[in-house]
Structures are given as structure tokens and as C-alpha cells.
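K.L.:
Structure file structure13.txt (compact mmCIF, C-alpha atoms) right here:
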# COMPACT_ATOMS: atom_id res chain seq x y z
CA MET A 283 38.40 -28.20 -15.07
CA ASN A 284 36.09 -25.93 -17.08
CA GLU A 285 33.20 -28.29 -16.52
CA ALA A 286 33.89 -28.35 -12.81
CA LEU A 287 33.75 -24.55 -12.66
CA ILE A 288 30.51 -24.41 -14.62
CA ILE A 289 28.85 -26.96 -12.35
CA SER A 290 30.10 -25.22 -9.25
CA ASN A 291 28.82 -21.89 -10.60
CA ILE A 292 25.36 -23.27 -11.36
CA LEU A 293 25.20 -24.80 -7.90
CA LEU A 294 26.23 -21.50 -6.34
CA TRP A 295 23.49 -19.63 -8.21
CA ALA A 296 20.93 -22.12 -7.00
CA VAL A 297 22.09 -21.73 -3.42
CA VAL A 298 22.26 -17.90 -3.61
CA LEU A 299 18.72 -17.65 -4.99
CA ALA A 300 17.41 -20.13 -2.45
CA LEU A 301 19.01 -18.11 0.34
CA LEU A 302 17.51 -14.95 -1.06
CA VAL A 303 14.04 -16.49 -0.97
CA THR A 304 14.71 -17.38 2.67
CA VAL A 305 15.75 -13.81 3.49
CA LEU A 306 12.62 -12.50 1.79
CA ALA A 307 10.40 -14.85 3.75
CA LEU A 308 12.12 -13.98 7.03
CA SER A 309 11.90 -10.22 6.54
CA ARG A 310 8.24 -10.55 5.54
CA GLN A 311 7.54 -12.59 8.64
CA ILE A 312 9.25 -10.00 10.81
CA GLY A 313 7.14 -7.33 9.12
CA ILE A 314 3.96 -9.23 9.92
CA LEU A 315 5.10 -9.69 13.52
CA TYR A 316 5.68 -5.95 13.89
CA GLU A 317 2.23 -5.26 12.47
CA ARG A 318 0.67 -7.67 14.95
CA ILE A 319 2.48 -6.56 18.07
CA SER A 320 2.62 -2.83 17.42
CA PRO A 321 0.39 -1.08 19.98
CA MET A 322 -2.19 -0.16 17.39
CA GLY A 323 -2.22 -3.41 15.44
CA ALA A 324 -2.63 -5.61 18.49
CA LEU A 325 -5.67 -3.69 19.66
CA MET A 326 -7.38 -4.20 16.38
CA LEU A 327 -6.98 -7.93 16.22
CA ASP A 328 -9.05 -9.52 18.93
CA GLN A 329 -9.70 -6.74 21.36
CA GLY A 330 -12.51 -4.23 21.52
CA PRO A 331 -16.17 -5.11 21.79
CA LYS A 332 -16.90 -8.47 20.19
CA VAL A 333 -19.40 -9.27 17.51
CA GLY A 334 -22.70 -9.91 19.31
CA ASP A 335 -21.86 -7.53 22.17
CA VAL A 336 -23.86 -4.39 22.82
CA SER A 337 -22.03 -1.53 21.13
CA PRO A 338 -20.67 1.38 23.18
CA ARG A 339 -22.91 4.43 22.72
CA PHE A 340 -21.88 7.97 22.01
CA ASN A 341 -23.68 11.21 21.35
CA LEU A 342 -21.43 13.22 19.11
CA GLU A 343 -21.64 16.31 16.99
CA SER A 344 -21.27 15.93 13.24
CA LEU A 345 -19.07 18.39 11.36
CA SER A 346 -22.30 19.84 9.99
CA GLY A 347 -23.37 20.68 13.54
CA ALA A 348 -26.12 18.04 13.82
CA SER A 349 -26.05 15.61 16.71
CA VAL A 350 -25.35 11.96 15.91
CA ALA A 351 -26.22 8.97 18.06
CA VAL A 352 -23.48 6.40 17.48
CA GLY A 353 -24.10 2.84 18.66
CA LEU A 354 -27.89 2.82 18.42
CA SER A 355 -29.58 4.42 15.45
CA GLU A 356 -32.34 6.89 16.24
CA GLN A 357 -34.05 5.91 12.99
CA LYS A 358 -34.32 2.26 14.05
CA LYS A 359 -31.91 1.27 11.29
CA SER A 360 -28.62 -0.59 11.27
CA GLN A 361 -25.59 1.63 11.43
CA LEU A 362 -22.39 1.26 9.43
CA LEU A 363 -19.62 3.08 11.24
CA PHE A 364 -16.75 3.78 8.86
CA PHE A 365 -13.44 4.94 10.31
CA LEU A 366 -11.26 6.88 7.87
CA SER A 367 -8.59 9.53 7.63
CA PRO A 368 -7.91 12.19 4.97
CA THR A 369 -4.45 10.73 4.29
CA CYS A 370 -5.51 7.10 3.79
CA PRO A 371 -5.58 6.26 0.07
CA VAL A 372 -7.71 3.12 0.46
CA CYS A 373 -10.32 5.07 2.47
CA LYS A 374 -10.67 7.56 -0.34
CA LYS A 375 -11.01 4.80 -2.90
CA LEU A 376 -13.90 3.32 -0.90
CA LEU A 377 -15.88 6.57 -0.61
CA PRO A 378 -17.78 6.29 -3.93
CA ILE A 379 -18.53 2.65 -3.10
CA LEU A 380 -19.88 3.63 0.32
CA LYS A 381 -21.99 6.40 -1.17
CA SER A 382 -23.57 3.96 -3.61
CA ILE A 383 -24.15 1.45 -0.80
CA SER A 384 -25.82 4.14 1.28
CA VAL A 385 -28.31 4.70 -1.54
CA SER A 386 -28.98 1.05 -2.38
CA GLU A 387 -29.28 -0.03 1.27
CA ARG A 388 -31.10 3.12 2.42
CA SER A 389 -34.13 1.19 3.69
CA TRP A 390 -32.24 -0.46 6.53
CA LEU A 391 -28.81 1.15 6.80
CA GLU A 392 -27.48 4.43 8.12
CA LEU A 393 -23.92 5.40 7.28
CA VAL A 394 -21.74 7.28 9.79
CA PHE A 395 -18.19 8.43 9.06
CA ALA A 396 -15.75 8.70 11.93
CA SER A 397 -12.27 10.14 12.19
CA ASP A 398 -10.17 12.20 14.53
CA GLY A 399 -7.44 14.81 14.38
CA ASP A 400 -7.03 18.31 13.07
CA ARG A 401 -10.50 19.85 12.64
CA PRO A 402 -9.85 22.41 9.84
CA GLU A 403 -8.13 19.72 7.74
CA GLN A 404 -11.03 17.34 8.34
CA VAL A 405 -13.64 19.98 7.44
CA GLU A 406 -11.79 20.77 4.23
CA PHE A 407 -11.60 17.05 3.37
CA TYR A 408 -15.27 16.44 4.23
CA ARG A 409 -16.38 19.26 1.90
CA ARG A 410 -13.99 18.33 -0.89
CA VAL A 411 -14.92 14.65 -1.16
CA GLY A 412 -18.64 15.40 -0.88
CA LEU A 413 -19.54 13.80 2.43
CA THR A 414 -21.66 16.74 3.60
CA ASP A 415 -24.85 14.68 3.30
CA PHE A 416 -23.56 12.19 5.84
CA PRO A 417 -22.94 12.37 9.57
CA TYR A 418 -19.17 12.81 10.03
CA VAL A 419 -17.88 12.78 13.58
CA LEU A 420 -14.48 13.54 15.04
CA SER A 421 -13.77 11.63 18.21
CA THR A 422 -10.66 9.99 19.60
CA GLU A 423 -12.76 8.28 22.28
CA LEU A 424 -14.90 6.57 19.65
CA GLY A 425 -11.89 4.99 17.97
CA MET A 426 -10.50 3.95 21.35
CA ALA A 427 -13.82 2.39 22.43
CA PHE A 428 -13.81 0.16 19.35
CA LYS A 429 -10.01 -0.30 19.49
CA VAL A 430 -9.60 0.80 15.90
CA GLY A 431 -5.96 0.50 14.89
CA ARG A 432 -5.74 0.43 11.15
CA LEU A 433 -7.81 2.14 8.50
CA PRO A 434 -10.19 1.89 6.76
CA TYR A 435 -12.11 0.09 9.50
CA ALA A 436 -15.83 -0.62 9.43
CA ILE A 437 -18.24 -1.67 12.15
CA LEU A 438 -21.79 -2.79 11.47
CA ILE A 439 -24.18 -2.21 14.35
CA GLY A 440 -27.64 -3.80 14.19
CA GLU A 441 -30.88 -1.94 14.84
CA ASP A 442 -30.87 -3.52 18.31
CA GLY A 443 -27.55 -1.80 19.13
CA ARG A 444 -25.48 -4.99 18.97
CA ILE A 445 -22.32 -5.28 16.88
CA ARG A 446 -23.03 -7.47 13.83
CA GLY A 447 -19.68 -7.37 12.08
CA LYS A 448 -16.43 -5.47 12.07
CA GLY A 449 -13.02 -5.42 10.47
CA LEU A 450 -10.47 -3.82 8.24
CA VAL A 451 -12.09 -3.26 4.83
CA ASN A 452 -10.20 -2.72 1.58
CA SER A 453 -12.83 -3.35 -1.07
CA ARG A 454 -16.53 -3.38 -1.82
CA GLU A 455 -16.58 -7.14 -1.29
CA GLN A 456 -15.21 -6.74 2.21
CA VAL A 457 -17.79 -4.07 3.09
CA GLU A 458 -20.56 -6.30 1.75
CA SER A 459 -19.19 -9.27 3.68
CA LEU A 460 -20.21 -7.39 6.84
CA PHE A 461 -23.81 -7.31 5.58
CA THR A 462 -23.65 -11.01 4.76
CA ALA A 463 -22.28 -11.71 8.23
CA LYS A 464 -25.28 -9.87 9.68
CA GLU A 465 -27.77 -11.78 7.52
CA LEU A 466 -26.25 -15.13 8.39
CA GLY A 467 -25.79 -14.21 12.02
CA VAL A 468 -22.10 -15.14 12.05
CA ALA A 469 -19.13 -13.10 13.19
CA SER A 470 -16.68 -14.05 10.45
CA VAL A 471 -16.09 -16.26 7.48
CA GLN A 472 -14.12 -18.60 9.73
CA GLU A 473 -17.10 -19.03 12.04
CA PHE A 474 -19.37 -19.64 9.07
CA ILE A 475 -17.11 -22.44 7.84
CA ASP A 476 -16.96 -23.93 11.33
CA GLN A 477 -20.75 -23.93 11.56
CA ARG A 478 -21.13 -25.76 8.29
CA ALA A 479 -18.50 -28.35 9.11
CA MET B 170 40.73 -7.84 -15.13
CA ASP B 171 40.03 -4.93 -12.80
CA ILE B 172 36.80 -4.10 -10.98
CA GLY B 173 35.85 -1.40 -13.49
CA HIS B 174 35.79 -3.93 -16.28
CA VAL B 175 33.66 -6.30 -14.25
CA LEU B 176 31.10 -3.57 -13.43
CA THR B 177 30.75 -2.51 -17.05
CA ASP B 178 30.71 -6.02 -18.48
CA ALA B 179 27.71 -6.75 -20.69
CA VAL B 180 26.50 -9.36 -18.20
CA VAL B 181 26.24 -6.76 -15.42
CA THR B 182 24.70 -4.02 -17.55
CA ARG B 183 22.13 -6.37 -19.06
CA ALA B 184 21.13 -7.77 -15.69
CA LEU B 185 20.74 -4.25 -14.26
CA GLY B 186 18.69 -3.15 -17.27
CA ALA B 187 16.43 -6.20 -17.05
CA ALA B 188 15.91 -5.81 -13.30
CA LEU B 189 15.05 -2.10 -13.66
CA SER B 190 12.67 -2.91 -16.47
CA VAL B 191 10.83 -5.50 -14.35
CA LEU B 192 10.59 -3.00 -11.46
CA LEU B 193 9.09 -0.34 -13.72
CA LEU B 194 6.66 -2.72 -15.41
CA ALA B 195 5.47 -4.15 -12.10
CA GLY B 196 5.03 -0.64 -10.71
CA ALA B 197 3.14 0.60 -13.76
CA TRP B 198 0.93 -2.50 -13.90
CA GLN B 199 -0.08 -2.13 -10.29
CA LYS B 200 -0.73 1.61 -10.55
CA LEU B 201 -2.80 1.28 -13.72
CA ARG B 202 -4.81 -1.61 -12.30
CA ASP B 203 -5.84 0.42 -9.26
CA ARG B 204 -5.85 3.97 -10.52
CA GLU B 205 -8.07 5.44 -7.81
CA LEU B 206 -5.68 4.18 -5.16
CA PHE B 207 -2.63 5.66 -6.85
CA GLN B 208 -4.50 8.92 -7.41
CA ALA B 209 -5.23 9.12 -3.68
CA ALA B 210 -1.57 8.41 -2.96
CA VAL B 211 -0.51 11.24 -5.31
CA GLU B 212 -3.03 13.51 -3.60
CA ASN B 213 -1.37 12.81 -0.24
CA TYR B 214 1.86 14.31 -1.52
CA GLN B 215 0.00 17.66 -1.84
CA LEU B 216 2.02 18.85 -4.79
CA VAL B 217 -0.49 19.20 -7.59
CA PRO B 218 -3.91 20.90 -7.70
CA GLN B 219 -6.99 18.69 -7.29
CA SER B 220 -8.08 19.04 -10.90
CA TRP B 221 -4.75 17.73 -12.17
CA LEU B 222 -4.61 14.63 -10.00
CA ALA B 223 -6.16 12.15 -12.43
CA PHE B 224 -4.03 13.44 -15.28
CA ILE B 225 -0.77 13.37 -13.29
CA ALA B 226 -1.44 9.95 -11.77
CA THR B 227 -2.30 8.32 -15.10
CA GLY B 228 0.50 10.16 -16.89
CA LEU B 229 3.10 9.03 -14.38
CA SER B 230 1.92 5.40 -14.60
CA LEU B 231 2.01 5.46 -18.40
CA LEU B 232 5.45 7.05 -18.37
CA GLU B 233 6.63 4.28 -16.06
CA LEU B 234 5.11 1.67 -18.37
CA ALA B 235 6.78 3.18 -21.44
CA ALA B 236 10.13 3.41 -19.64
CA GLY B 237 9.91 -0.27 -18.61
CA ILE B 238 9.09 -1.43 -22.14
CA LEU B 239 11.70 0.74 -23.89
CA LEU B 240 14.48 -0.19 -21.50
CA LEU B 241 14.57 -3.80 -22.72
CA PRO B 242 15.45 -3.76 -26.46
CA THR B 243 18.98 -2.52 -27.18
CA SER B 244 17.78 -0.17 -29.93
CA THR B 245 15.41 1.82 -27.69
CA ARG B 246 17.49 1.60 -24.52
CA PRO B 247 18.78 5.21 -24.48
CA LEU B 248 15.19 6.53 -24.75
CA GLY B 249 13.97 4.06 -22.12
CA ALA B 250 16.81 5.08 -19.82
CA SER B 251 15.97 8.79 -20.19
CA LEU B 252 12.33 8.11 -19.33
CA THR B 253 13.37 5.98 -16.36
CA GLY B 254 15.59 8.82 -15.18
CA VAL B 255 12.72 11.29 -15.46
CA VAL B 256 10.33 9.00 -13.53
CA LEU B 257 12.88 8.39 -10.78
CA LEU B 258 13.81 12.06 -10.44
CA VAL B 259 10.17 13.20 -10.33
CA VAL B 260 9.08 10.71 -7.67
CA THR B 261 12.23 11.15 -5.59
CA GLY B 262 11.76 14.92 -5.74
CA ALA B 263 8.19 14.50 -4.49
CA VAL B 264 9.40 12.33 -1.61
CA VAL B 265 12.18 14.78 -0.66
CA ILE B 266 9.78 17.77 -0.67
CA ASN B 267 7.42 15.96 1.68
CA LEU B 268 10.26 14.78 3.91
CA LEU B 269 11.39 18.40 4.25
CA ARG B 270 7.80 19.46 4.96
CA GLY B 271 7.70 16.85 7.71
CA ARG B 272 4.85 14.94 6.09
CA THR B 273 6.39 11.50 6.65
CA ASP B 274 3.23 9.79 7.82
CA ILE B 275 1.79 9.15 4.36
CA ASP B 276 2.07 5.98 2.31
CA CYS B 277 4.67 6.29 -0.44
CA GLY B 278 2.34 4.75 -3.02
CA CYS B 279 5.33 3.00 -4.54
CA GLY B 280 3.38 -0.15 -5.35
CA GLY B 281 4.83 -2.64 -7.79
CA LEU B 282 7.10 -5.27 -6.35
CA SER B 283 7.00 -3.63 -2.92
CA ALA B 284 3.18 -3.54 -2.80
CA HIS B 285 3.08 -6.55 -0.49
CA VAL B 286 5.43 -5.28 2.18
CA GLY B 287 2.62 -3.37 3.88
CA GLU B 288 2.32 0.36 4.27
CA GLN B 289 5.61 2.08 3.47
CA SER B 290 5.88 5.55 4.95
CA LEU B 291 8.26 8.23 3.67
CA THR B 292 11.84 7.98 4.91
CA TRP B 293 15.27 9.09 3.76
CA ALA B 294 15.98 5.40 3.14
CA LEU B 295 13.45 5.60 0.33
CA VAL B 296 15.45 8.46 -1.20
CA MET B 297 18.63 6.39 -0.82
CA ARG B 298 16.94 3.50 -2.57
CA ASN B 299 16.01 5.68 -5.52
CA VAL B 300 19.53 7.14 -5.70
CA LEU B 301 20.85 3.57 -5.91
CA LEU B 302 18.34 2.82 -8.67
CA LEU B 303 19.58 5.88 -10.56
CA ALA B 304 23.17 4.69 -10.12
CA ALA B 305 22.15 1.27 -11.44
CA LEU B 306 20.51 2.99 -14.40
CA LEU B 307 23.70 4.90 -15.24
CA LEU B 308 25.80 1.76 -14.85
CA SER B 309 23.46 -0.17 -17.14
CA LEU B 310 24.26 2.29 -19.93
CA SER B 311 28.01 1.95 -19.71
CA ASP B 312 28.79 -1.18 -21.74
CA ALA B 313 30.96 0.54 -24.32
CA GLU B 314 33.09 -2.37 -25.40
CA GLN B 315 31.03 -5.46 -26.13
CA ARG B 316 32.53 -8.87 -25.76
CA PRO B 317 30.75 -11.76 -27.47
CA LEU B 318 28.42 -13.44 -24.98
CA VAL B 319 28.35 -17.23 -24.66
CA TRP B 320 25.47 -19.37 -23.38
CA PHE B 321 26.88 -19.40 -19.91
CA ASP B 322 26.67 -15.59 -19.72
CA TYR B 323 22.90 -15.76 -20.13
CA LEU B 324 22.67 -17.99 -17.10
CA THR B 325 24.60 -15.36 -15.16
CA VAL B 326 22.34 -12.59 -16.47
CA ALA B 327 19.21 -14.51 -15.45
CA GLY B 328 20.62 -15.35 -12.02
CA THR B 329 21.80 -11.79 -11.37
CA THR B 330 18.46 -10.31 -12.47
CA LEU B 331 16.53 -12.59 -10.12
CA ALA B 332 18.98 -11.91 -7.30
CA LEU B 333 18.72 -8.13 -7.78
CA LEU B 334 14.92 -8.25 -7.76
CA GLY B 335 14.93 -10.40 -4.64
CA LEU B 336 17.31 -8.04 -2.89
CA TYR B 337 15.14 -5.08 -3.90
CA VAL B 338 11.99 -6.60 -2.39
CA ALA B 339 13.87 -7.67 0.76
CA ALA B 340 15.32 -4.15 1.18
CA ASN B 341 11.86 -2.62 0.81
CA GLN B 342 10.44 -5.00 3.37
CA LEU B 343 13.15 -4.08 5.85
CA MET B 344 12.57 -0.38 5.15
CA ALA B 345 8.85 -0.81 5.80
CA ASN B 346 9.64 -2.70 9.02
CA GLN B 347 11.89 0.04 10.38
CA PRO B 348 9.22 2.63 11.37
CA ARG B 349 7.15 -0.14 12.96
CA LEU B 350 10.13 -1.23 15.05
CA GLN B 351 10.70 2.41 15.99
CA SER B 352 7.13 2.80 17.21
CA LEU B 353 7.54 -0.34 19.32
CA ARG B 354 10.61 1.13 20.98
CA THR B 355 8.98 4.44 21.84
CA HIS B 356 5.78 2.96 23.28
Taking this structure as input, can you express it in the form of C-alpha cells?
P.N.:
Amino acid sequence: MNEALIISNILLWAVVLALLVTVLALSRQIGILYERISPMGALMLDQGPKVGDVSPRFNLESLSGASVAVGLSEQKKSQLLFFLSPTCPVCKKLLPILKSISVSERSWLELVFASDGDRPEQVEFYRRVGLTDFPYVLSTELGMAFKVGRLPYAILIGEDGRIRGKGLVNSREQVESLFTAKELGVASVQEFIDQRA
Amino acid sequence: MDIGHVLTDAVVTRALGAALSVLLLAGAWQKLRDRELFQAAVENYQLVPQSWLAFIATGLSLLELAAGILLLPTSTRPLGASLTGVVLLVVTGAVVINLLRGRTDIDCGCGGLSAHVGEQSLTWALVMRNVLLLAALLLSLSDAEQRPLVWFDYLTVAGTTLALLGLYVAANQLMANQPRLQSLRTH
């Protein structure tokens, strides 16, 4: 009898833990579904101007007061458009990385920061994190034109005004992958693999 | 055998202690690995001056690490439990203050085992979760009368610990899903 109870108990544990793994997987999948179909997430995925398309152009005013041409660099350089927000932790983490990239890639790359929302808060943020040397524009239309849903989002625009790479970026590697995509002339890692196959 | 005896049985208290310890260690590990990210998350709470951010963020992670380590051995458990209580009260207080301020749109920066559920914004459910963790902490300290454990008890402890951790991650995932579902309904 005792042995029967022990075996039944072990079996029950196995089943309970297996069911728990199933619940975890299901709730995770539902979470991913919500992310994909939420109004913002869906826009980001495949919509917006495609890689290779001519980028939408905007003439905006930087927080410093200077005018910024977004979409086609006036200095005949490539443009890295970085969408951020003062409350996004990952954006803040990437700022030092972006600053160092802007120095090392100065010869061919111009960095533009883009955000939208409350102006005084943005000005305070822009001063505090030391972005005053960079163009920093506030424009809801800009984000809508590129269908930016989640942050931090980066778009690389070539010197010819065409989009060379874009996507959600969480690390230095992901920012640099945009440069690699431009050099190789491919839109994404997936396309690169397809080409080599 | 009444329910009170079951809840304070060594098997239950040990499983709760072990599960809490894993939660704390996973949280501390993740925060210390990516300190800039956690610092930015602390900054979002807008509770401490800029110059203190690095100190507070690192201090809180180290406190969490110490609490997780000390909670495991029986000899240091009271100290570990006090530290755990402090960590939980501090972070829950920070969440409550920002909920009352209406700043719910920031990431909770919880990290650890719930790091993979996606962005988790501030909700009262998060406060509830921490209250439950505090209750679990108190319960884990209540094994006054020890009965000798047999090998089979350790199987139960291991199973219960795994089950608690799984439930914790699943609950966090569902909590992170909730605001996303809400935004779908309103659009």
C-alpha cells in the first residue's frame, strides 16, 4: 500500500510539473500574440517604408533650435535615426554606445535622435544625458511615417536617401548589424542567409 | 492533522524558502549583469537624486544577492529573511508611490525570472504579488516544531519548489499580458 502511494505521488508530481510547463508556454505564447497584434506592435513588424525604399523626408527643428533635414542628409552622409524616449531604460543604456559610434563613424555617418511628447521633459532629458551636440527632434509625424512602435528603434538611411536597414535595437551588436546590412546590401540577416543558400 | 500543521510543516517552509532564494538570486544576477539597464529602471521611478542612482541600484542588487544567499542555510535564515523583507518592502514602496503618482507607464525593472515575459508596466497586481511573496516569507519562518524528514520529503520539497517557481513565472507573464489585452480592447 505504501509503495503504491509513493508511486502515485511521484507520478502526480511529474504530471503537475509537466502541466505547469504547458501553462507557462501557453501564457508566453499569448503574450507574444498580444505583442504582435497590439496596434503599435503590428505596425512595427512589416509595415512602414521598406528597406531599399526612398525614405520619407522631413524638415524639423532640433531642440537646440537648428533645423534638421531628416531622410536625406545635407552633409551627404548616411543618417542613423534613433527613436528613443526618456522613460525607456534600454534607450538610455544605448546612449554611450551611440555617442562612441558617432565619433568612430564620423566620416560617413550622421546621428539624429528622435522622440515625441512633453517638450519640457524632453529638454530636461536631452540636457541631462548630454545629447546637446546632436540633432534631437520631437515629432509624432516622424514616428508615424516610419511606423515606429517599440523603442529603441533605429533606422539607417543611406547618403542617397534610401533606407538601408531598420529595426528594434537592444545592443551595440544590433546597431552595428544595421551598418553591416548596409555594407552587404541586404535588408536582414534572414535575407543574407537566403542569398548565400 | 489540520491545515495549520500542513502549512507550517518543514516541507512547506523549506520549499517556500528555497523558491524565494532562487527568485532573489535570479533577480540579483540579472541586475548585476546589466547594471546600466537597472540603473535606468531605478531612474524611471524618480525617487532618488541623479547622483545617487548608481549607488542605490548597485546597493539594491547586492542586498538582493545577500538575501538570496543567506536565506538558504538554516543558521543564517533569520538574517536572510530580514534582508528579503527589507528588499521587498523597499521595492513595493517604490511601486506604490509611482502608482499613486499615476506613473504606471514605466517598466518595473523587476528582471530575474520574469525578465523574459516582456515589458512589465506598474500595476496593483505587482503590489499584490509582492504582498504574497512577503506572506510566503513569513510562512517560511514558522516551522517551530521540526519533525524528522525522510527521503520522500525531499522529493516533495524539490517538486514544490519547482512548482512554485513555475507558478511565479506564469503569474508574471499573465500580469504582463493584461495591459496589452487592455490596450487591444480600447483601440
K.L.:
What are the closest atom pairs, with distances in Å to one decimal, for all residues of chain A lying within 8 Å of chain B? Consider only C-alpha atoms, order rows by chain and residue number, and present the result as JSON lines.
P.N.:
{"residue": "A:Trp295", "atom": "CA", "partner": "B:Gly328", "partner_atom": "CA", "distance": 6.4}
{"residue": "A:Val298", "atom": "CA", "partner": "B:Ala332", "partner_atom": "CA", "distance": 7.8}
{"residue": "A:Leu299", "atom": "CA", "partner": "B:Ala332", "partner_atom": "CA", "distance": 6.2}
{"residue": "A:Leu302", "atom": "CA", "partner": "B:Gly335", "partner_atom": "CA", "distance": 6.3}
{"residue": "A:Val303", "atom": "CA", "partner": "B:Gly335", "partner_atom": "CA", "distance": 7.2}
{"residue": "A:Val305", "atom": "CA", "partner": "B:Ala339", "partner_atom": "CA", "distance": 7.0}
{"residue": "A:Leu306", "atom": "CA", "partner": "B:Ala339", "partner_atom": "CA", "distance": 5.1}
{"residue": "A:Ser309", "atom": "CA", "partner": "B:Gln342", "partner_atom": "CA", "distance": 6.3}
{"residue": "A:Arg310", "atom": "CA", "partner": "B:Gln342", "partner_atom": "CA", "distance": 6.4}
{"residue": "A:Ile312", "atom": "CA", "partner": "B:Asn346", "partner_atom": "CA", "distance": 7.5}
{"residue": "A:Gly313", "atom": "CA", "partner": "B:Asn346", "partner_atom": "CA", "distance": 5.3}
{"residue": "A:Tyr316", "atom": "CA", "partner": "B:Arg349", "partner_atom": "CA", "distance": 6.1}
{"residue": "A:Glu317", "atom": "CA", "partner": "B:Arg349", "partner_atom": "CA", "distance": 7.1}
{"residue": "A:Ser320", "atom": "CA", "partner": "B:Leu353", "partner_atom": "CA", "distance": 5.8}
{"residue": "A:Pro321", "atom": "CA", "partner": "B:Leu353", "partner_atom": "CA", "distance": 7.2}
{"residue": "A:Thr369", "atom": "CA", "partner": "B:Asn213", "partner_atom": "CA", "distance": 5.9}
{"residue": "A:Cys370", "atom": "CA", "partner": "B:Ile275", "partner_atom": "CA", "distance": 7.6}
{"residue": "A:Pro371", "atom": "CA", "partner": "B:Ala209", "partner_atom": "CA", "distance": 4.7}
{"residue": "A:Val372", "atom": "CA", "partner": "B:Leu206", "partner_atom": "CA", "distance": 6.1}
{"residue": "A:Lys374", "atom": "CA", "partner": "B:Ala209", "partner_atom": "CA", "distance": 6.6}
{"residue": "A:Lys375", "atom": "CA", "partner": "B:Glu205", "partner_atom": "CA", "distance": 5.8}
K.L.:
Can you tell me, as a list in words, what residues are no more than 12 Å from His174 of chain B when counting all atoms listed in the file, ignoring any on the same chain fewer than 5 positions away?
P.N.:
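With the cut-off at 12 Å, the set is Ala179, Val180, Val181, Thr182, Leu308, Ser311, Asp312, Ala313, Glu314, Gln315 and Arg316 of chain B.
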K.L.:
With all atoms listed in the file as the counted atoms, please give the residues lying no more than 7 Å from Ser421 of chain A, apart from itself and same-chain residues fewer than 3 positions off, as JSON, numbers by chain.
P.N.:
{"A": [397, 398, 424, 425]}
K.L.:
Give me the residues within 12 Å of segment 257-261 of chain B as a CSV table (one decimal) with C-alpha atoms, in the frame of the given file, counting all atoms listed in the file and dropping any in the same chain fewer than 2 places off.
P.N.:
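Listing of result_3.csv after writing:
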chain,number,residue,atom,x,y,z
B,189,LEU,CA,15.0,-2.1,-13.7
B,192,LEU,CA,10.6,-3.0,-11.5
B,193,LEU,CA,9.1,-0.3,-13.7
B,196,GLY,CA,5.0,-0.6,-10.7
B,210,ALA,CA,-1.6,8.4,-3.0
B,211,VAL,CA,-0.5,11.2,-5.3
B,214,TYR,CA,1.9,14.3,-1.5
B,216,LEU,CA,2.0,18.8,-4.8
B,225,ILE,CA,-0.8,13.4,-13.3
B,226,ALA,CA,-1.4,10.0,-11.8
B,229,LEU,CA,3.1,9.0,-14.4
B,230,SER,CA,1.9,5.4,-14.6
B,232,LEU,CA,5.4,7.0,-18.4
B,233,GLU,CA,6.6,4.3,-16.1
B,236,ALA,CA,10.1,3.4,-19.6
B,250,ALA,CA,16.8,5.1,-19.8
B,251,SER,CA,16.0,8.8,-20.2
B,252,LEU,CA,12.3,8.1,-19.3
B,253,THR,CA,13.4,6.0,-16.4
B,254,GLY,CA,15.6,8.8,-15.2
B,255,VAL,CA,12.7,11.3,-15.5
B,263,ALA,CA,8.2,14.5,-4.5
B,264,VAL,CA,9.4,12.3,-1.6
B,265,VAL,CA,12.2,14.8,-0.7
B,266,ILE,CA,9.8,17.8,-0.7
B,267,ASN,CA,7.4,16.0,1.7
B,268,LEU,CA,10.3,14.8,3.9
B,277,CYS,CA,4.7,6.3,-0.4
B,278,GLY,CA,2.3,4.8,-3.0
B,279,CYS,CA,5.3,3.0,-4.5
B,291,LEU,CA,8.3,8.2,3.7
B,292,THR,CA,11.8,8.0,4.9
B,293,TRP,CA,15.3,9.1,3.8
B,294,ALA,CA,16.0,5.4,3.1
B,295,LEU,CA,13.4,5.6,0.3
B,296,VAL,CA,15.4,8.5,-1.2
B,297,MET,CA,18.6,6.4,-0.8
B,298,ARG,CA,16.9,3.5,-2.6
B,299,ASN,CA,16.0,5.7,-5.5
B,300,VAL,CA,19.5,7.1,-5.7
B,301,LEU,CA,20.8,3.6,-5.9
B,302,LEU,CA,18.3,2.8,-8.7
B,303,LEU,CA,19.6,5.9,-10.6
B,304,ALA,CA,23.2,4.7,-10.1
B,305,ALA,CA,22.2,1.3,-11.4
B,306,LEU,CA,20.5,3.0,-14.4
K.L.:
Write out as a PyMOL selection string which residues come within 12 Å of segment 346-359 of chain A when counting only C-alpha atoms, dropping same-chain ones fewer than 4 positions away.
P.N.:
chain A and resi 331+335-342+363-364+387-396+404-405+408-409+413-421+423-425+427-428+437-446
K.L.:
Tell me, in Å to one decimal, how far atom CA of Leu301 of chain A is from atom CA of Asn284 of chain A.
P.N.:
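Computing it gives 25.6 Å between the two atoms.
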K.L.:
Could you state the separation of atom CA of Phe461 of chain A and atom CA of Arg432 of chain A in Å, given to one decimal place?
P.N.:
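Rounded to one decimal, the two atoms are 20.4 Å apart.
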K.L.:
I want to know what sits within 9 Å of Leu380 of chain A, based on all atoms listed in the file, with residues of the same chain fewer than 4 positions away left out; could you give that as a ChimeraX atom specification?
P.N.:
/A:376,384-385,393,454,457
K.L.:
Please return the centre and edge lengths, in Å to one decimal, of a box with edges along x, y and z that contains all listed atoms of segment 189-195 of chain B, widened by 6 Å on every side, as AutoDock Vina command-line options.
P.N.:
--center_x 10.3 --center_y -2.9 --center_z -14.0 --size_x 21.6 --size_y 17.2 --size_z 17.0
K.L.:
Quick check, in Å to one decimal: how far apart do atom CA of Met426 of chain A and atom CA of Gly399 of chain A lie?
P.N.:
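Computing the Euclidean distance for atom CA of Met426 of chain A and atom CA of Gly399 of chain A yields 13.3 Å.
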